[in-house]
>>> print(open('query-v2.txt').read())   # compact mmCIF, N, CA and C atoms
# COMPACT_ATOMS: atom_id res chain seq x y z
N MET A 294 -11.42 11.76 4.66
CA MET A 294 -10.29 11.69 3.76
C MET A 294 -9.70 13.08 3.58
N SER A 295 -8.41 13.13 3.41
CA SER A 295 -7.78 14.42 3.21
C SER A 295 -7.97 14.86 1.77
N THR A 296 -7.75 16.11 1.54
CA THR A 296 -7.93 16.64 0.19
C THR A 296 -6.62 16.73 -0.57
N SER A 297 -5.51 16.31 0.04
CA SER A 297 -4.23 16.36 -0.66
C SER A 297 -4.24 15.33 -1.78
N GLN A 298 -3.56 15.66 -2.87
CA GLN A 298 -3.52 14.78 -4.02
C GLN A 298 -2.11 14.28 -4.21
N ASN A 299 -1.84 13.05 -3.76
CA ASN A 299 -0.54 12.44 -3.98
C ASN A 299 -0.49 11.88 -5.39
N PRO A 300 0.59 12.15 -6.12
CA PRO A 300 0.70 11.52 -7.43
C PRO A 300 0.87 10.01 -7.25
N PRO A 301 0.36 9.21 -8.17
CA PRO A 301 0.45 7.77 -8.01
C PRO A 301 1.87 7.27 -7.83
N SER A 302 2.83 7.90 -8.49
CA SER A 302 4.22 7.44 -8.39
C SER A 302 4.78 7.61 -6.98
N ALA A 303 4.21 8.49 -6.19
CA ALA A 303 4.70 8.72 -4.84
C ALA A 303 4.30 7.62 -3.87
N THR A 304 3.40 6.73 -4.28
CA THR A 304 2.89 5.71 -3.37
C THR A 304 3.24 4.30 -3.80
N LYS A 305 4.14 4.14 -4.77
CA LYS A 305 4.47 2.81 -5.28
C LYS A 305 5.35 2.01 -4.33
N THR A 306 6.06 2.67 -3.44
CA THR A 306 6.97 1.98 -2.54
C THR A 306 6.32 1.80 -1.17
N PRO A 307 6.26 0.55 -0.69
CA PRO A 307 5.63 0.32 0.62
C PRO A 307 6.51 0.81 1.75
N GLU A 308 5.88 1.09 2.88
CA GLU A 308 6.65 1.38 4.08
C GLU A 308 7.33 0.09 4.51
N ASP A 309 8.37 0.18 5.31
CA ASP A 309 9.05 -1.01 5.81
C ASP A 309 8.07 -1.82 6.64
N TRP A 310 7.81 -3.04 6.24
CA TRP A 310 6.78 -3.84 6.90
C TRP A 310 7.13 -4.14 8.34
N LYS A 311 8.41 -4.24 8.66
CA LYS A 311 8.80 -4.53 10.05
C LYS A 311 8.44 -3.36 10.96
N VAL A 312 8.64 -2.14 10.49
CA VAL A 312 8.28 -0.95 11.26
C VAL A 312 6.76 -0.84 11.37
N THR A 313 6.08 -1.07 10.26
CA THR A 313 4.63 -0.95 10.23
C THR A 313 3.95 -1.94 11.16
N LEU A 314 4.46 -3.15 11.21
CA LEU A 314 3.81 -4.20 11.99
C LEU A 314 4.40 -4.41 13.38
N LYS A 315 5.42 -3.64 13.75
CA LYS A 315 6.14 -3.87 15.00
C LYS A 315 5.24 -3.86 16.24
N ASN A 316 4.44 -2.86 16.43
CA ASN A 316 3.61 -2.75 17.63
C ASN A 316 2.15 -3.06 17.36
N LYS A 317 1.90 -3.90 16.38
CA LYS A 317 0.54 -4.25 15.99
C LYS A 317 -0.07 -5.19 17.02
N GLY A 318 -1.29 -4.89 17.41
CA GLY A 318 -2.02 -5.78 18.29
C GLY A 318 -2.55 -6.98 17.52
N PRO A 319 -3.02 -8.02 18.21
CA PRO A 319 -3.45 -9.24 17.52
C PRO A 319 -4.63 -9.06 16.57
N SER A 320 -5.49 -8.11 16.81
CA SER A 320 -6.63 -7.95 15.92
C SER A 320 -6.56 -6.67 15.09
N GLU A 321 -5.43 -6.00 15.08
CA GLU A 321 -5.28 -4.77 14.31
C GLU A 321 -4.86 -5.08 12.88
N PHE A 322 -5.33 -4.28 11.96
CA PHE A 322 -4.92 -4.40 10.56
C PHE A 322 -3.97 -3.26 10.25
N ARG A 323 -2.80 -3.57 9.78
CA ARG A 323 -1.84 -2.55 9.37
C ARG A 323 -1.43 -2.84 7.94
N ASP A 324 -1.30 -1.80 7.16
CA ASP A 324 -1.00 -1.95 5.74
C ASP A 324 0.17 -1.03 5.37
N PRO A 325 1.32 -1.59 4.98
CA PRO A 325 2.44 -0.75 4.54
C PRO A 325 2.12 0.05 3.28
N CYS A 326 1.05 -0.28 2.61
CA CYS A 326 0.65 0.44 1.39
C CYS A 326 -0.57 1.31 1.66
N LEU A 327 -0.73 1.74 2.88
CA LEU A 327 -1.88 2.55 3.25
C LEU A 327 -1.95 3.85 2.45
N ALA A 328 -0.81 4.48 2.21
CA ALA A 328 -0.81 5.74 1.45
C ALA A 328 -1.35 5.52 0.04
N ALA A 329 -0.96 4.42 -0.59
CA ALA A 329 -1.44 4.12 -1.94
C ALA A 329 -2.93 3.81 -1.91
N SER A 330 -3.36 3.10 -0.91
CA SER A 330 -4.78 2.76 -0.77
C SER A 330 -5.62 4.03 -0.59
N GLN A 331 -5.18 4.90 0.29
CA GLN A 331 -5.91 6.14 0.53
C GLN A 331 -5.91 7.04 -0.70
N ALA A 332 -4.78 7.09 -1.41
CA ALA A 332 -4.71 7.92 -2.62
C ALA A 332 -5.69 7.42 -3.68
N SER A 333 -5.82 6.09 -3.81
CA SER A 333 -6.76 5.58 -4.80
C SER A 333 -8.21 5.87 -4.40
N MET A 334 -8.51 5.79 -3.12
CA MET A 334 -9.87 6.12 -2.66
C MET A 334 -10.16 7.61 -2.84
N GLU A 335 -9.18 8.46 -2.57
CA GLU A 335 -9.36 9.89 -2.77
C GLU A 335 -9.61 10.20 -4.25
N CYS A 336 -8.89 9.49 -5.11
CA CYS A 336 -9.09 9.68 -6.55
C CYS A 336 -10.52 9.30 -6.94
N LEU A 337 -10.99 8.17 -6.44
CA LEU A 337 -12.36 7.75 -6.73
C LEU A 337 -13.36 8.79 -6.24
N ASN A 338 -13.14 9.33 -5.06
CA ASN A 338 -14.04 10.36 -4.53
C ASN A 338 -14.02 11.61 -5.40
N ARG A 339 -12.84 12.02 -5.84
CA ARG A 339 -12.73 13.22 -6.69
C ARG A 339 -13.41 13.04 -8.03
N HIS A 340 -13.40 11.82 -8.55
CA HIS A 340 -13.92 11.56 -9.90
C HIS A 340 -15.25 10.82 -9.89
N ASP A 341 -16.01 10.99 -8.82
CA ASP A 341 -17.34 10.38 -8.71
C ASP A 341 -17.32 8.88 -9.03
N TYR A 342 -16.33 8.20 -8.51
CA TYR A 342 -16.17 6.74 -8.62
C TYR A 342 -16.07 6.24 -10.06
N ASN A 343 -15.51 7.06 -10.92
CA ASN A 343 -15.20 6.64 -12.29
C ASN A 343 -13.83 5.96 -12.26
N ARG A 344 -13.82 4.65 -12.30
CA ARG A 344 -12.58 3.88 -12.17
C ARG A 344 -11.58 4.19 -13.28
N ASP A 345 -12.06 4.50 -14.46
CA ASP A 345 -11.15 4.76 -15.58
C ASP A 345 -10.24 5.96 -15.32
N ASP A 346 -10.71 6.91 -14.54
CA ASP A 346 -9.89 8.10 -14.23
C ASP A 346 -8.84 7.82 -13.16
N CYS A 347 -8.89 6.67 -12.51
CA CYS A 347 -7.99 6.38 -11.39
C CYS A 347 -7.10 5.16 -11.63
N LEU A 348 -6.98 4.74 -12.86
CA LEU A 348 -6.21 3.53 -13.15
C LEU A 348 -4.76 3.61 -12.69
N GLU A 349 -4.15 4.79 -12.81
CA GLU A 349 -2.76 4.95 -12.36
C GLU A 349 -2.64 4.74 -10.85
N TYR A 350 -3.63 5.19 -10.10
CA TYR A 350 -3.62 5.00 -8.65
C TYR A 350 -3.78 3.53 -8.29
N PHE A 351 -4.62 2.82 -9.02
CA PHE A 351 -4.80 1.39 -8.77
C PHE A 351 -3.52 0.64 -9.11
N ARG A 352 -2.88 1.02 -10.20
CA ARG A 352 -1.63 0.39 -10.60
C ARG A 352 -0.55 0.63 -9.53
N ALA A 353 -0.48 1.84 -9.01
CA ALA A 353 0.50 2.14 -7.96
C ALA A 353 0.25 1.29 -6.72
N TYR A 354 -1.01 1.09 -6.36
CA TYR A 354 -1.34 0.27 -5.20
C TYR A 354 -0.94 -1.19 -5.44
N ARG A 355 -1.23 -1.71 -6.62
CA ARG A 355 -0.84 -3.09 -6.93
C ARG A 355 0.68 -3.25 -6.90
N GLU A 356 1.41 -2.27 -7.44
CA GLU A 356 2.87 -2.33 -7.42
C GLU A 356 3.40 -2.27 -5.99
N CYS A 357 2.79 -1.45 -5.16
CA CYS A 357 3.18 -1.35 -3.76
C CYS A 357 2.97 -2.69 -3.05
N LYS A 358 1.80 -3.28 -3.23
CA LYS A 358 1.50 -4.56 -2.59
C LYS A 358 2.46 -5.65 -3.07
N ALA A 359 2.75 -5.68 -4.36
CA ALA A 359 3.68 -6.68 -4.90
C ALA A 359 5.07 -6.49 -4.30
N ALA A 360 5.52 -5.25 -4.18
CA ALA A 360 6.84 -4.98 -3.60
C ALA A 360 6.88 -5.39 -2.13
N TRP A 361 5.79 -5.13 -1.40
CA TRP A 361 5.72 -5.50 0.00
C TRP A 361 5.77 -7.02 0.17
N LEU A 362 4.98 -7.73 -0.60
CA LEU A 362 4.98 -9.18 -0.50
C LEU A 362 6.32 -9.78 -0.91
N LYS A 363 6.95 -9.20 -1.92
CA LYS A 363 8.28 -9.66 -2.34
C LYS A 363 9.30 -9.45 -1.22
N GLN A 364 9.23 -8.29 -0.58
CA GLN A 364 10.15 -7.98 0.52
C GLN A 364 9.96 -8.97 1.67
N ARG A 365 8.72 -9.26 2.04
CA ARG A 365 8.44 -10.21 3.11
C ARG A 365 8.92 -11.61 2.75
N ARG A 366 8.67 -12.02 1.50
CA ARG A 366 9.11 -13.34 1.05
C ARG A 366 10.62 -13.47 1.13
N GLU A 367 11.34 -12.46 0.64
CA GLU A 367 12.80 -12.49 0.67
C GLU A 367 13.32 -12.51 2.11
N ASP A 368 12.69 -11.74 2.98
CA ASP A 368 13.10 -11.74 4.38
C ASP A 368 12.89 -13.11 5.02
N ARG A 369 11.76 -13.73 4.73
CA ARG A 369 11.49 -15.06 5.29
C ARG A 369 12.48 -16.09 4.78
N ARG A 370 12.78 -16.05 3.51
CA ARG A 370 13.73 -17.00 2.91
C ARG A 370 15.13 -16.86 3.50
N SER A 371 15.50 -15.64 3.83
CA SER A 371 16.84 -15.41 4.38
C SER A 371 16.86 -15.54 5.90
N GLY A 372 15.70 -15.89 6.48
CA GLY A 372 15.64 -16.11 7.94
C GLY A 372 15.42 -14.87 8.75
N ARG A 373 15.13 -13.75 8.12
CA ARG A 373 14.90 -12.50 8.84
C ARG A 373 13.41 -12.31 9.08
N THR A 374 12.90 -12.94 10.12
CA THR A 374 11.48 -12.82 10.41
C THR A 374 11.21 -11.96 11.64
N ASP A 375 12.26 -11.60 12.36
CA ASP A 375 12.05 -10.81 13.58
C ASP A 375 11.65 -9.38 13.25
N MET A 376 10.86 -8.83 14.12
CA MET A 376 10.43 -7.44 13.94
C MET A 376 11.11 -6.66 14.98
>>> encode(input="query-v2.txt", output="structure tokens")
Amino acid sequence: MSTSQNPPSATKTPEDWKVTLKNKGPSEFRDPCLAASQASMECLNRHDYNRDDCLEYFRAYRECKAAWLKQRREDRRSGRTDM
């Protein structure tokens, strides 16, 4: 893990899922919220896995995931499923 400390607010917005998943192989896992996920894990490592100190990072990850799923849902509803 890197030692850089991203503020939680910097990771609330997911990457564009079409770009993230464009060249994905059939068994690869890609996450548009990878930055938020990594930031929350780095926070846990810095604070000896004290979850209470990292609540903002967890909240940012949940917001990122919700935004990503909302974006995918809206794209599917409007017929934009191509990558």
>>> residues_around(input="query-v2.txt", residues="Tyr350 in chain A", least_positions_apart="5", cutoff="7 Å", atoms="all atoms listed in the file", output="list in words")
Pro300, Pro301, Ala329, Ala332, Ser333 and Arg355 of chain A
>>> select_by_dssp(input="query-v2.txt", residues="chain A", states="alpha helix (DSSP H)", output="PyMOL selection string")
chain A and resi 310-314+327-339+348-370
>>> residues_around(input="query-v2.txt", residues="Leu314 in chain A", least_positions_apart="6", cutoff="8 Å", atoms="only N, CA and C atoms", output="list of chain:residue names")
A:Glu308, A:Arg323, A:Asp324, A:Pro325, A:Met376
>>> atom_distance(input="query-v2.txt", atom1="atom C of Lys363 in chain A", atom2="CA of Cys347 in chain A")
25.6 Å
>>> atom_distance(input="query-v2.txt", atom1="CA of Arg369 in chain A", atom2="CA of Ala303 in chain A")
26.7 Å
>>> atom_distance(input="query-v2.txt", atom1="CA of Cys326 in chain A", atom2="atom C of Lys305 in chain A")
7.6 Å
